[in-house]
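Source file: run_34.cif. Holds: mmCIF, C-alpha atoms.
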```cif
data_upload
#
loop_
_atom_site.label_atom_id
_atom_site.label_comp_id
_atom_site.auth_asym_id
_atom_site.auth_seq_id
_atom_site.Cartn_x
_atom_site.Cartn_y
_atom_site.Cartn_z
CA MET A 332 -20.78 46.73 13.58
CA MET A 333 -19.78 45.71 10.04
CA LYS A 334 -16.27 47.05 10.62
CA THR A 335 -15.91 44.94 13.77
CA LEU A 336 -17.11 41.84 11.96
CA ILE A 337 -14.65 42.34 9.09
CA THR A 338 -11.80 42.92 11.57
CA LEU A 339 -12.77 39.73 13.41
CA LEU A 340 -12.88 37.74 10.18
CA LEU A 341 -9.52 39.13 9.09
CA GLY A 342 -8.10 38.20 12.48
CA MET A 343 -9.49 34.68 12.12
CA LEU A 344 -7.91 34.32 8.69
CA VAL A 345 -4.57 35.43 10.09
CA GLY A 346 -5.08 32.99 12.98
CA VAL A 347 -5.70 30.08 10.62
CA ALA A 348 -2.63 31.05 8.55
CA LEU A 349 -0.52 31.30 11.70
CA PHE A 350 -1.76 27.90 12.81
CA GLY A 351 -0.82 26.42 9.43
CA LEU A 352 2.67 27.89 9.61
CA THR A 353 3.10 26.65 13.18
CA MET A 354 2.12 23.18 12.01
CA LEU A 355 4.69 23.27 9.22
CA TYR A 356 7.53 24.60 11.33
CA ASN A 357 6.58 23.01 14.64
CA PRO A 358 9.83 22.10 16.41
CA PHE A 359 7.96 19.57 18.56
CA ILE A 360 7.16 17.46 15.50
CA ALA A 361 10.60 15.97 15.12
CA ASP A 362 11.82 13.53 12.51
CA ARG A 363 12.25 9.94 13.57
CA GLY A 364 16.01 10.12 13.32
CA ILE A 365 18.08 7.01 12.91
CA SER A 366 16.44 3.89 11.49
CA PRO A 367 16.24 1.00 13.96
CA LEU A 368 17.67 -1.33 11.30
CA SER A 369 20.75 0.83 10.75
CA VAL A 370 22.13 -0.34 14.08
CA SER A 371 21.21 -3.96 13.50
CA SER A 372 23.96 -6.56 13.58
CA SER A 373 21.85 -9.01 11.57
CA GLU A 374 22.05 -9.59 7.83
CA LEU A 375 20.06 -7.01 5.87
CA VAL A 376 18.47 -7.44 2.46
CA ALA A 377 17.99 -4.32 0.33
CA LEU A 378 15.45 -4.07 -2.48
CA ASN A 379 15.24 -0.89 -4.55
CA TYR A 380 12.52 0.42 -6.84
CA SER A 381 11.73 3.60 -8.70
CA ALA A 382 9.14 5.70 -6.85
CA VAL A 383 8.13 7.51 -10.05
CA PRO A 384 4.75 6.14 -11.21
CA SER A 385 5.67 6.19 -14.92
CA ASP A 386 8.68 3.94 -14.16
CA ALA A 387 6.42 1.26 -12.69
CA ILE A 388 4.93 -1.61 -14.69
CA ILE A 389 1.54 -0.24 -13.71
CA PHE A 390 0.39 2.38 -11.24
CA THR A 391 -3.25 3.19 -10.59
CA ASN A 392 -5.41 5.24 -8.26
CA ASP A 393 -8.67 7.22 -8.48
CA GLY A 394 -7.35 9.18 -11.46
CA ASP A 395 -7.88 12.56 -9.76
CA SER A 396 -4.83 12.46 -7.51
CA LEU A 397 -1.50 14.20 -7.97
CA GLN A 398 0.15 11.08 -9.37
CA LYS A 399 -1.45 10.02 -12.62
CA PRO A 400 -2.21 6.36 -13.42
CA PHE A 401 0.24 4.60 -15.72
CA PRO A 402 -0.18 3.40 -18.43
CA GLU A 403 -2.98 5.74 -19.38
CA LYS A 404 -5.53 2.99 -20.09
CA VAL A 405 -5.13 1.17 -16.77
CA LEU A 406 -8.37 0.59 -14.84
CA GLN A 407 -8.81 3.33 -12.25
CA LEU A 408 -9.88 2.81 -8.64
CA TRP A 409 -12.85 5.18 -8.68
CA GLU A 410 -15.32 3.17 -6.55
CA ALA A 411 -15.97 4.74 -3.11
CA PRO A 412 -14.36 1.98 -0.96
CA ILE A 413 -11.10 2.09 -2.97
CA ARG A 414 -10.99 5.75 -3.97
CA LYS A 415 -8.27 6.52 -1.38
CA THR A 416 -6.17 3.56 -2.48
CA SER A 417 -3.37 3.16 -4.98
CA ALA A 418 -1.89 0.02 -6.49
CA MET A 419 1.52 -0.42 -8.06
CA THR A 420 3.40 -3.28 -9.66
CA THR A 421 7.08 -2.63 -10.14
CA VAL A 422 10.44 -4.27 -10.70
CA MET A 423 12.50 -4.74 -7.54
CA ARG A 424 16.25 -4.36 -7.97
CA ASP A 425 19.11 -5.47 -5.79
CA GLY A 426 22.04 -3.30 -4.73
CA ARG A 427 23.73 -3.81 -8.09
CA SER A 428 20.62 -2.56 -9.93
CA GLN A 429 19.95 -6.06 -11.24
CA THR A 430 16.36 -7.27 -11.42
CA ALA A 431 15.70 -9.23 -8.25
CA GLY A 432 11.96 -9.77 -8.60
CA ILE A 433 8.52 -8.24 -8.76
CA GLY A 434 6.89 -6.07 -6.10
CA ILE A 435 3.23 -5.18 -5.67
CA LYS A 436 2.25 -2.37 -3.34
CA PHE A 437 -1.25 -1.49 -2.13
CA SER A 438 -1.54 1.78 -0.18
CA SER A 439 -4.55 3.42 1.43
CA LEU A 440 -4.86 6.68 3.33
CA SER A 441 -5.10 5.81 7.01
CA GLU A 442 -7.97 6.82 9.26
CA ARG A 443 -5.40 7.16 12.06
CA THR A 444 -4.00 10.26 10.35
CA GLN A 445 -3.61 13.10 12.86
CA LEU A 446 -2.09 16.18 11.29
CA LEU A 447 -1.98 17.91 14.69
CA LYS A 448 0.62 15.36 15.74
CA GLY A 449 2.43 15.38 12.41
CA HIS A 450 1.02 12.02 11.38
CA ALA A 451 0.04 11.88 7.68
CA LEU A 452 -0.39 8.13 7.67
CA VAL A 453 -0.78 5.59 4.91
CA ASP A 454 -1.54 1.90 5.56
CA SER A 455 0.29 -0.17 2.99
CA VAL A 456 1.30 -3.71 2.16
CA TRP A 457 3.97 -5.05 -0.16
CA TYR A 458 4.02 -8.43 -1.80
CA VAL A 459 7.46 -9.23 -3.18
CA TYR A 460 8.34 -12.29 -5.23
CA LEU A 461 12.02 -13.00 -5.77
CA PRO A 462 12.52 -15.87 -8.24
CA LYS A 463 14.51 -18.81 -6.84
CA ARG A 464 14.30 -17.24 -3.38
CA GLY A 465 10.64 -16.99 -2.48
CA SER A 466 7.90 -14.56 -1.55
CA LEU A 467 7.52 -11.95 1.19
CA PHE A 468 4.60 -10.00 2.61
CA LEU A 469 5.31 -6.69 4.31
CA GLN A 470 2.70 -4.74 6.26
CA GLN A 471 3.33 -1.25 7.54
CA SER A 472 2.12 2.22 8.43
CA GLU A 473 3.94 5.00 6.65
CA ASN A 474 4.18 8.63 7.73
CA TYR A 475 4.48 11.08 4.85
CA TRP A 476 4.43 14.22 7.03
CA PRO A 477 8.23 14.87 6.90
CA PHE A 478 8.15 14.37 3.12
CA LEU A 479 5.19 16.72 2.67
CA ARG A 480 6.81 19.33 4.90
CA ASP A 481 10.31 19.16 3.40
CA VAL A 482 9.50 18.41 -0.25
CA GLY A 483 5.78 18.88 -1.02
CA TRP A 484 5.36 22.26 0.68
CA PRO A 485 8.51 23.84 -0.85
CA ALA A 486 7.41 22.58 -4.29
CA PHE A 487 3.93 24.03 -3.81
CA ARG A 488 5.41 27.35 -2.62
CA SER A 489 7.89 27.73 -5.48
CA GLY A 490 6.91 29.76 -8.54
CA ALA A 491 7.58 26.86 -10.89
CA ASN A 492 5.66 24.42 -8.67
CA ASN A 493 8.62 22.11 -8.32
CA TRP A 494 11.39 21.16 -5.92
CA LYS A 495 14.91 19.95 -6.54
CA GLY A 496 17.34 18.78 -3.93
CA SER A 497 18.09 15.72 -1.89
CA TRP A 498 15.70 14.29 0.65
CA ILE A 499 16.18 10.92 2.27
CA GLY A 500 13.93 9.58 4.98
CA ASP A 501 12.30 6.49 6.44
CA LEU A 502 8.58 6.24 5.78
CA THR A 503 7.79 3.22 7.94
CA THR A 504 6.47 3.99 11.43
CA GLY A 505 4.96 0.69 12.48
CA PRO A 506 3.30 -1.56 13.47
CA GLY A 507 6.52 -3.05 14.93
CA VAL A 508 7.44 -1.84 18.41
CA LEU A 509 10.56 -0.12 17.08
CA GLY A 510 8.61 1.55 14.30
CA THR A 511 9.40 -1.19 11.81
CA ALA A 512 7.23 -3.04 9.31
CA LEU A 513 6.26 -6.66 9.90
CA VAL A 514 7.57 -8.99 7.21
CA THR A 515 6.28 -12.53 6.78
CA GLY A 516 7.97 -15.08 4.57
CA GLY A 517 5.61 -17.03 2.35
CA SER A 518 7.51 -19.44 0.17
CA GLY A 519 10.99 -20.60 -0.76
CA SER A 520 13.82 -19.78 1.61
CA PHE A 521 11.64 -17.18 3.36
CA ARG A 522 8.92 -19.68 4.28
CA GLY A 523 7.89 -19.42 7.92
CA LEU A 524 10.21 -16.49 8.72
CA GLN A 525 9.07 -13.42 10.66
CA MET A 526 11.23 -10.39 9.98
CA ASP A 527 11.38 -6.62 10.43
CA GLY A 528 11.59 -4.15 7.58
CA VAL A 529 11.81 -0.45 6.85
CA GLU A 530 10.83 1.39 3.68
CA SER A 531 12.65 4.59 2.88
CA LEU A 532 12.45 7.17 0.14
CA SER A 533 15.17 9.17 -1.55
CA ALA A 534 13.77 12.10 -3.56
CA HIS A 535 15.66 14.41 -5.89
CA ALA A 536 12.94 16.20 -7.86
CA PHE A 537 9.26 16.71 -7.15
CA SER A 538 6.51 18.58 -8.95
CA ALA A 539 3.46 19.97 -7.16
CA ASP A 540 1.51 19.24 -10.36
CA HIS A 541 2.73 15.74 -11.24
CA GLY A 542 4.25 14.22 -8.09
CA PRO A 543 7.70 12.61 -7.94
CA ILE A 544 9.96 13.33 -10.94
CA SER A 545 13.06 11.61 -9.60
CA ALA A 546 12.74 9.38 -6.54
CA GLU A 547 13.95 5.95 -5.42
CA GLY A 548 12.35 3.74 -2.84
CA ARG A 549 14.12 1.12 -0.79
CA ILE A 550 12.94 -1.72 1.37
CA LEU A 551 15.40 -2.95 3.95
CA ILE A 552 14.65 -6.30 5.56
CA GLU A 553 16.41 -7.65 8.61
CA MET A 554 16.90 -11.37 8.26
CA PRO A 555 16.81 -13.65 11.28
CA ASP A 556 20.32 -14.39 12.55
CA THR A 557 20.33 -17.97 11.34
CA VAL A 558 19.55 -17.15 7.69
CA VAL A 559 22.31 -15.69 5.53
CA GLU A 560 21.33 -16.90 2.07
CA LEU A 561 20.74 -13.50 0.48
CA GLU A 562 23.22 -10.78 -0.35
CA PRO A 563 23.67 -8.49 2.64
CA ALA A 564 22.89 -4.83 1.96
CA ALA A 565 26.33 -3.75 3.10
CA ALA A 566 27.90 -5.96 0.49
CA VAL A 567 25.72 -4.94 -2.42
CA ASP A 568 25.80 -1.17 -1.85
CA MET T 152 -10.35 47.44 16.88
CA LEU T 153 -6.97 45.90 17.72
CA LYS T 154 -8.60 43.88 20.46
CA THR T 155 -11.14 42.50 18.00
CA PHE T 156 -8.36 41.60 15.57
CA VAL T 157 -6.41 39.76 18.30
CA VAL T 158 -9.57 37.95 19.40
CA GLY T 159 -10.06 36.96 15.76
CA ILE T 160 -6.51 35.55 15.61
CA VAL T 161 -7.08 33.52 18.77
CA LEU T 162 -10.41 32.28 17.45
CA GLY T 163 -8.80 31.37 14.12
CA ILE T 164 -6.04 29.37 15.81
CA ALA T 165 -8.47 27.65 18.17
CA GLY T 166 -10.95 26.94 15.38
CA ALA T 167 -8.32 25.46 13.07
CA ALA T 168 -6.92 23.29 15.87
CA ALA T 169 -10.39 22.13 16.94
CA GLY T 170 -11.35 21.45 13.33
CA LEU T 171 -8.27 19.33 12.71
CA TYR T 172 -8.77 17.48 15.98
CA LEU T 173 -12.47 16.79 15.59
CA TYR T 174 -12.91 16.38 11.83
CA PRO T 175 -11.43 13.15 10.48
CA VAL T 176 -8.91 13.96 7.75
CA VAL T 177 -9.40 10.51 6.25
CA ASP T 178 -12.73 8.72 6.38
CA GLN T 179 -12.73 5.47 4.42
CA HIS T 180 -16.00 4.41 2.87
CA ARG T 181 -17.29 1.21 4.47
CA GLU T 182 -19.56 -1.44 3.05
CA VAL T 183 -21.30 -3.70 5.54
CA SER T 184 -19.34 -6.95 5.79
CA ILE T 185 -21.31 -10.05 4.85
CA VAL T 186 -19.95 -12.62 7.26
CA SER T 187 -21.49 -15.92 8.25
CA VAL T 188 -20.39 -18.23 11.03
CA ALA T 189 -19.52 -21.84 10.23
CA PRO T 190 -20.26 -24.38 12.96
CA ASN T 191 -16.94 -24.81 14.78
CA GLY T 192 -15.33 -23.22 11.76
CA GLY T 193 -14.91 -19.48 12.23
CA ASN T 194 -16.07 -16.54 10.15
CA VAL T 195 -16.82 -17.27 6.52
CA GLU T 196 -16.72 -14.51 3.91
CA GLN T 197 -17.01 -14.73 0.15
CA PHE T 198 -15.39 -12.44 -2.39
CA HIS T 199 -15.27 -12.53 -6.15
CA MET T 200 -13.86 -10.82 -9.22
CA ASN T 201 -15.77 -10.55 -12.46
CA VAL T 202 -13.55 -11.41 -15.41
CA PRO T 203 -12.64 -9.48 -17.49
CA MET T 204 -14.25 -6.31 -16.01
CA ASP T 205 -12.39 -6.32 -12.71
CA ARG T 206 -8.99 -7.19 -14.13
CA ILE T 207 -6.59 -4.27 -13.59
CA MET T 208 -3.52 -6.03 -14.90
CA VAL T 209 -2.27 -9.31 -16.30
CA GLY T 210 1.51 -9.39 -16.43
CA ALA T 211 3.29 -12.35 -17.94
CA PRO T 212 6.03 -12.89 -20.51
CA GLY T 213 5.09 -13.17 -24.19
CA GLN T 214 1.66 -11.53 -24.10
CA THR T 215 0.45 -10.34 -27.49
CA ARG T 216 -2.30 -8.15 -26.00
CA PRO T 217 -1.14 -6.89 -22.61
CA ILE T 218 -3.67 -5.82 -19.99
CA PRO T 219 -3.80 -2.85 -19.59
CA ALA T 220 -2.99 -1.72 -23.12
CA GLY T 221 0.42 -0.08 -23.22
CA MET T 222 1.85 -2.05 -20.32
CA GLU T 223 5.39 -3.31 -20.84
CA TRP T 224 6.22 -6.45 -18.92
CA PRO T 225 9.95 -6.62 -18.11
CA LEU T 226 11.84 -8.98 -20.43
CA GLU T 227 14.46 -10.08 -17.89
CA LYS T 228 15.06 -13.81 -17.90
CA VAL T 229 14.73 -13.99 -14.15
CA LEU T 230 11.00 -13.14 -14.44
CA GLU T 231 10.26 -15.73 -17.12
CA GLY T 232 8.03 -17.97 -15.03
CA VAL T 233 6.23 -15.19 -13.17
CA ARG T 234 2.61 -14.14 -13.77
CA VAL T 235 0.99 -11.28 -11.85
CA GLU T 236 -2.70 -10.41 -11.95
CA LEU T 237 -4.36 -7.46 -10.23
CA PHE T 238 -8.10 -7.24 -9.68
CA LYS T 239 -10.80 -5.21 -8.09
CA ILE T 240 -12.45 -7.40 -5.51
CA ARG T 241 -16.19 -7.55 -4.81
CA ASN T 242 -18.36 -8.72 -1.92
CA GLU T 243 -21.47 -10.91 -2.22
CA ARG T 244 -23.59 -7.88 -3.15
CA ASP T 245 -21.31 -7.39 -6.17
CA THR T 246 -19.94 -4.13 -4.71
CA VAL T 247 -16.25 -3.34 -5.15
CA ILE T 248 -14.65 -3.29 -1.70
CA GLY T 249 -10.94 -3.68 -2.36
CA VAL T 250 -8.11 -4.74 -4.61
CA ALA T 251 -6.30 -8.05 -4.88
CA ALA T 252 -3.17 -9.52 -6.42
CA ARG T 253 -2.62 -13.08 -7.54
CA THR T 254 0.94 -14.13 -8.28
CA SER T 255 1.88 -17.47 -9.73
CA ALA T 256 5.41 -18.58 -10.43
CA LYS T 257 7.36 -21.69 -11.18
CA ASP T 258 10.02 -21.88 -8.54
CA GLU T 259 12.98 -24.27 -8.51
CA SER T 260 11.54 -26.33 -5.72
CA ALA T 261 7.80 -25.84 -6.11
CA ASP T 262 5.18 -23.77 -7.88
CA VAL T 263 4.08 -20.67 -5.99
CA ILE T 264 0.54 -19.28 -6.02
CA ASP T 265 -0.08 -16.38 -3.65
CA TRP T 266 -3.01 -14.05 -3.05
CA VAL T 267 -2.95 -10.66 -1.37
CA LEU T 268 -6.33 -9.07 -0.63
CA HIS T 269 -6.37 -5.41 0.38
CA LEU T 270 -9.60 -4.03 1.85
CA PRO T 271 -8.82 -0.36 2.63
CA ALA T 272 -11.28 0.05 5.50
CA ARG T 273 -10.40 -3.27 7.12
CA GLY T 274 -6.89 -4.53 6.42
CA SER T 275 -5.00 -6.96 4.24
CA VAL T 276 -4.65 -10.71 3.93
CA TYR T 277 -1.79 -12.78 2.57
CA VAL T 278 -2.62 -16.35 1.54
CA ASN T 279 -0.34 -19.11 0.21
CA MET T 280 -2.25 -21.46 -2.09
CA GLN T 281 -1.48 -25.10 -2.72
CA ALA T 282 0.09 -25.65 -6.13
CA GLN T 283 -2.28 -28.52 -6.97
CA GLY T 284 -6.00 -27.87 -7.23
CA ARG T 285 -8.55 -30.34 -5.86
CA PRO T 286 -10.56 -32.59 -8.18
CA ASP T 287 -13.75 -30.63 -7.34
CA GLY T 288 -12.28 -27.49 -8.95
CA TYR T 289 -11.27 -25.75 -5.74
CA ARG T 290 -7.75 -24.79 -4.76
CA GLN T 291 -7.06 -24.36 -1.09
CA GLY T 292 -4.64 -22.04 0.66
CA GLU T 293 -3.54 -21.04 4.11
CA LEU T 294 -3.58 -17.59 5.70
CA ARG T 295 0.06 -16.60 6.28
CA ALA T 296 -0.35 -13.05 7.57
CA GLY T 297 -2.89 -10.30 7.97
CA SER T 298 -2.95 -6.67 8.96
CA ARG T 299 -5.32 -4.63 11.14
CA GLU T 300 -8.69 -6.49 11.31
CA PHE T 301 -6.97 -9.66 10.06
CA ALA T 302 -3.86 -9.37 12.26
CA GLN T 303 -4.84 -11.97 14.85
CA ARG T 304 -6.34 -14.56 12.56
CA ARG T 305 -5.55 -17.97 11.22
CA GLY T 306 -7.50 -19.87 8.65
CA LYS T 307 -7.98 -20.96 5.08
CA MET T 308 -9.10 -19.66 1.73
CA THR T 309 -10.32 -21.46 -1.37
CA GLU T 310 -10.37 -20.21 -4.94
CA ARG T 311 -12.32 -21.51 -7.89
CA TRP T 312 -13.24 -20.41 -11.38
CA VAL T 313 -16.98 -20.11 -12.00
CA PRO T 314 -17.84 -19.84 -15.71
CA ASN T 315 -20.71 -17.60 -16.75
CA THR T 316 -24.05 -19.27 -17.39
CA SER T 317 -25.99 -16.10 -18.12
CA THR T 318 -27.06 -15.28 -21.67
CA GLU T 319 -26.97 -11.52 -21.08
CA GLU T 320 -24.91 -9.61 -23.59
CA ASP T 321 -22.74 -7.73 -21.08
CA ALA T 322 -22.31 -10.66 -18.70
CA PRO T 323 -18.77 -11.48 -17.61
CA ALA T 324 -16.94 -14.51 -18.97
CA GLY T 325 -16.93 -15.84 -15.47
CA ARG T 326 -15.71 -15.04 -12.02
CA ILE T 327 -13.02 -16.04 -9.60
CA GLU T 328 -14.59 -16.92 -6.29
CA LEU T 329 -12.66 -16.69 -3.03
CA LEU T 330 -14.03 -18.14 0.20
CA THR T 331 -12.20 -17.22 3.41
CA THR T 332 -12.66 -19.01 6.72
CA PHE T 333 -10.81 -17.20 9.50
CA VAL T 334 -10.65 -17.85 13.23
CA GLY T 335 -9.41 -15.33 15.78
CA LEU T 336 -6.28 -16.30 17.65
CA GLN T 337 -6.45 -16.26 21.41
CA GLU T 338 -4.55 -13.27 22.70
CA ALA T 339 -2.16 -13.70 25.62
CA ILE T 340 -3.56 -12.24 28.86
#
```
As structure tokens, how would this structure be written, given the file I've shared?
Amino acid sequence: MMKTLITLLLGMLVGVALFGLTMLYNPFIADRGISPLSVSSSELVALNYSAVPSDAIIFTNDGDSLQKPFPEKVLQLWEAPIRKTSAMTTVMRDGRSQTAGIGIKFSSLSERTQLLKGHALVDSVWYVYLPKRGSLFLQQSENYWPFLRDVGWPAFRSGANNWKGSWIGDLTTGPGVLGTALVTGGSGSFRGLQMDGVESLSAHAFSADHGPISAEGRILIEMPDTVVELEPAAAVD
Amino acid sequence: MLKTFVVGIVLGIAGAAAGLYLYPVVDQHREVSIVSVAPNGGNVEQFHMNVPMDRIMVGAPGQTRPIPAGMEWPLEKVLEGVRVELFKIRNERDTVIGVAARTSAKDESADVIDWVLHLPARGSVYVNMQAQGRPDGYRQGELRAGSREFAQRRGKMTERWVPNTSTEEDAPAGRIELLTTFVGLQEAI
């Protein structure tokens, strides 16, 4: 009887492991492929930022997560309603790496996360202020599953707990119908504009103990056809 | 024995799949919203931040004592007129329910004062404030955009500074009070 029970338990453990591996290497969970904005004929505005927390002006979360708050003495978000939230203030740079403005990002783990479908979702908003140009508000859902699968898992699996390579992918998956973020202009030349945007991440080094070591984020915003006041991404790259 | 092992594998796969399907991976903590209804005015909700306890960051050029300690505000000339403040935001029961950012800047054409409120279990709100405050101490702003619960809303928000009147030793210096009045937009049928 005991032998049967142990065999059953061992089988269950193998089953759970097999399920995990199937999840990671599931061919039916495909990447999104080409970004909807990459085929846009409209003017595009690119804003870059460092995705490494210690490069930000401040970065904070519950203090127990992989990415540590920066600077060390920043107030942590330990209260229950904000424990799954992070906040970041960072410098936004244009395509020539010149300071274009300030960006604030609030991100919270999404209750719509469904790992069975390959959806590791984060609900996030950006507020971006570009001096002499105006302010923008971007709302989006991000899917970190491809990043976790291609970068996080290999880093966790490696003996040194880190990953080096080149990973580039779009994080934005909605709420726009084409899987884009909704961007609302608030002031200045953006006032009253409704736009689409996509946030992407380019990672080069990642530690399973400390999070991103070398990573750049980019927000691409598609301007309405009638507005061409900002530098187009194609020109600044 | 092999049969038992195979049954175990099947049970393991089925159990893991069922567990992932049924058990919510993310379950945000929710506080009961304290909303009142204004006559012909929409839903009214009040938030506040206790200063200085709820201040996460104050970023501005030329600070001698930056908040938080150790923060380095960028020295670029382009950011000279920009001030960014981050707060924890509380409901009327004085419970922290979200985070907020207030940005003020002197633009070429007009001064900019913007609020972004982020309530993880509910959504986010983006409000443009008027540059000039009212004589009664309030500053009014207009809802520009919202996400999730606030996606189909229009309305207003006021801010005001309420100085502390308590004599308690650990009382805050005061609080920033935000009053939102939002109305649902009619959805197209």
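Going from CA of Gly528 in chain A to CA of Lys257 in chain T covers 26.0 Å.
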Excluding Arg326 in chain T and residues on its chain fewer than 3 positions from it, collect all residues at most 6 Å away from it, counting only C-alpha atoms, and give them as number ranges by chain.
T: 200-202, 312-313
If the PyMOL selection byres ((chain A and resi 431) around 9) were run on this exact file, what residues would it hold? Put them as a PyMOL selection string.
(chain A and resi 378+422-425+428-430+432-433+460-462) or (chain T and resi 229-230)
Resolved residues for the PyMOL selection byres ((chain A and resi 446-457) around 9) as an MDAnalysis selection string
(chainID A and resid 354:355 357 359:361 434:445 458:459 467:477 479 504) or (chainID T and resid 168 171:172 176 267 269 271 274:275 298)
Go ahead and dump the residues you just picked, C-alpha atoms, as a PDB file, in the coordinates of the input.
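Written out: selection.pdb:
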```pdb
ATOM      1  CA  MET A 354       2.120  23.180  12.010  1.00  0.00           C
ATOM      2  CA  LEU A 355       4.690  23.270   9.220  1.00  0.00           C
ATOM      3  CA  ASN A 357       6.580  23.010  14.640  1.00  0.00           C
ATOM      4  CA  PHE A 359       7.960  19.570  18.560  1.00  0.00           C
ATOM      5  CA  ILE A 360       7.160  17.460  15.500  1.00  0.00           C
ATOM      6  CA  ALA A 361      10.600  15.970  15.120  1.00  0.00           C
ATOM      7  CA  GLY A 434       6.890  -6.070  -6.100  1.00  0.00           C
ATOM      8  CA  ILE A 435       3.230  -5.180  -5.670  1.00  0.00           C
ATOM      9  CA  LYS A 436       2.250  -2.370  -3.340  1.00  0.00           C
ATOM     10  CA  PHE A 437      -1.250  -1.490  -2.130  1.00  0.00           C
ATOM     11  CA  SER A 438      -1.540   1.780  -0.180  1.00  0.00           C
ATOM     12  CA  SER A 439      -4.550   3.420   1.430  1.00  0.00           C
ATOM     13  CA  LEU A 440      -4.860   6.680   3.330  1.00  0.00           C
ATOM     14  CA  SER A 441      -5.100   5.810   7.010  1.00  0.00           C
ATOM     15  CA  GLU A 442      -7.970   6.820   9.260  1.00  0.00           C
ATOM     16  CA  ARG A 443      -5.400   7.160  12.060  1.00  0.00           C
ATOM     17  CA  THR A 444      -4.000  10.260  10.350  1.00  0.00           C
ATOM     18  CA  GLN A 445      -3.610  13.100  12.860  1.00  0.00           C
ATOM     19  CA  TYR A 458       4.020  -8.430  -1.800  1.00  0.00           C
ATOM     20  CA  VAL A 459       7.460  -9.230  -3.180  1.00  0.00           C
ATOM     21  CA  LEU A 467       7.520 -11.950   1.190  1.00  0.00           C
ATOM     22  CA  PHE A 468       4.600 -10.000   2.610  1.00  0.00           C
ATOM     23  CA  LEU A 469       5.310  -6.690   4.310  1.00  0.00           C
ATOM     24  CA  GLN A 470       2.700  -4.740   6.260  1.00  0.00           C
ATOM     25  CA  GLN A 471       3.330  -1.250   7.540  1.00  0.00           C
ATOM     26  CA  SER A 472       2.120   2.220   8.430  1.00  0.00           C
ATOM     27  CA  GLU A 473       3.940   5.000   6.650  1.00  0.00           C
ATOM     28  CA  ASN A 474       4.180   8.630   7.730  1.00  0.00           C
ATOM     29  CA  TYR A 475       4.480  11.080   4.850  1.00  0.00           C
ATOM     30  CA  TRP A 476       4.430  14.220   7.030  1.00  0.00           C
ATOM     31  CA  PRO A 477       8.230  14.870   6.900  1.00  0.00           C
ATOM     32  CA  LEU A 479       5.190  16.720   2.670  1.00  0.00           C
ATOM     33  CA  THR A 504       6.470   3.990  11.430  1.00  0.00           C
TER      34      THR A 504
ATOM     35  CA  ALA T 168      -6.920  23.290  15.870  1.00  0.00           C
ATOM     36  CA  LEU T 171      -8.270  19.330  12.710  1.00  0.00           C
ATOM     37  CA  TYR T 172      -8.770  17.480  15.980  1.00  0.00           C
ATOM     38  CA  VAL T 176      -8.910  13.960   7.750  1.00  0.00           C
ATOM     39  CA  VAL T 267      -2.950 -10.660  -1.370  1.00  0.00           C
ATOM     40  CA  HIS T 269      -6.370  -5.410   0.380  1.00  0.00           C
ATOM     41  CA  PRO T 271      -8.820  -0.360   2.630  1.00  0.00           C
ATOM     42  CA  GLY T 274      -6.890  -4.530   6.420  1.00  0.00           C
ATOM     43  CA  SER T 275      -5.000  -6.960   4.240  1.00  0.00           C
ATOM     44  CA  SER T 298      -2.950  -6.670   8.960  1.00  0.00           C
TER      45      SER T 298
END
```
As a PyMOL selection string, please: the residues near range 246-254 of chain T (cut-off 7 Å, all atoms listed in the file, same-chain neighbours under 5 positions excluded).
(chain A and resi 410+412-413) or (chain T and resi 234-241+264-271)
Apply the PyMOL selection byres ((chain T) within 8 of (chain A)) to the file shown and report the selected residues as a ChimeraX atom specification.
/T:152,155-164,166-168,171-172,175-182,206-208,218-225,227,229-230,247-250,252,256,258-260,263,267,269-272,275,277,279,295-296,298
What residues have an atom no more than 8 Å from (12.5, 11.4, -9.2) in the file's own frame, counting only C-alpha atoms, and can you write them as a short mmCIF file (atom, residue, chain, number, x, y, z; two decimals) with C-alpha atoms, keeping the file's coordinate frame?
```cif
data_model
loop_
_atom_site.label_atom_id
_atom_site.label_comp_id
_atom_site.auth_asym_id
_atom_site.auth_seq_id
_atom_site.Cartn_x
_atom_site.Cartn_y
_atom_site.Cartn_z
CA SER A 381 11.73 3.60 -8.70
CA ALA A 382 9.14 5.70 -6.85
CA VAL A 383 8.13 7.51 -10.05
CA ALA A 534 13.77 12.10 -3.56
CA HIS A 535 15.66 14.41 -5.89
CA ALA A 536 12.94 16.20 -7.86
CA PHE A 537 9.26 16.71 -7.15
CA PRO A 543 7.70 12.61 -7.94
CA ILE A 544 9.96 13.33 -10.94
CA SER A 545 13.06 11.61 -9.60
CA ALA A 546 12.74 9.38 -6.54
CA GLU A 547 13.95 5.95 -5.42
#
```
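The space separating CA of Leu502 in chain A from CA of Val209 in chain T comes to 29.1 Å.
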Give me, as an mmCIF file with C-alpha atoms, in the coordinates of the input, all polymer residues having an atom no more than 8 Å from Ser373 in chain A, counting all atoms listed in the file and skipping those fewer than 6 positions away in the same chain.
```cif
data_model
loop_
_atom_site.group_PDB
_atom_site.id
_atom_site.type_symbol
_atom_site.label_atom_id
_atom_site.label_comp_id
_atom_site.auth_asym_id
_atom_site.auth_seq_id
_atom_site.Cartn_x
_atom_site.Cartn_y
_atom_site.Cartn_z
ATOM 1 C CA GLU A 553 16.410 -7.650 8.610
ATOM 2 C CA MET A 554 16.900 -11.370 8.260
ATOM 3 C CA PRO A 555 16.810 -13.650 11.280
ATOM 4 C CA ASP A 556 20.320 -14.390 12.550
#
```
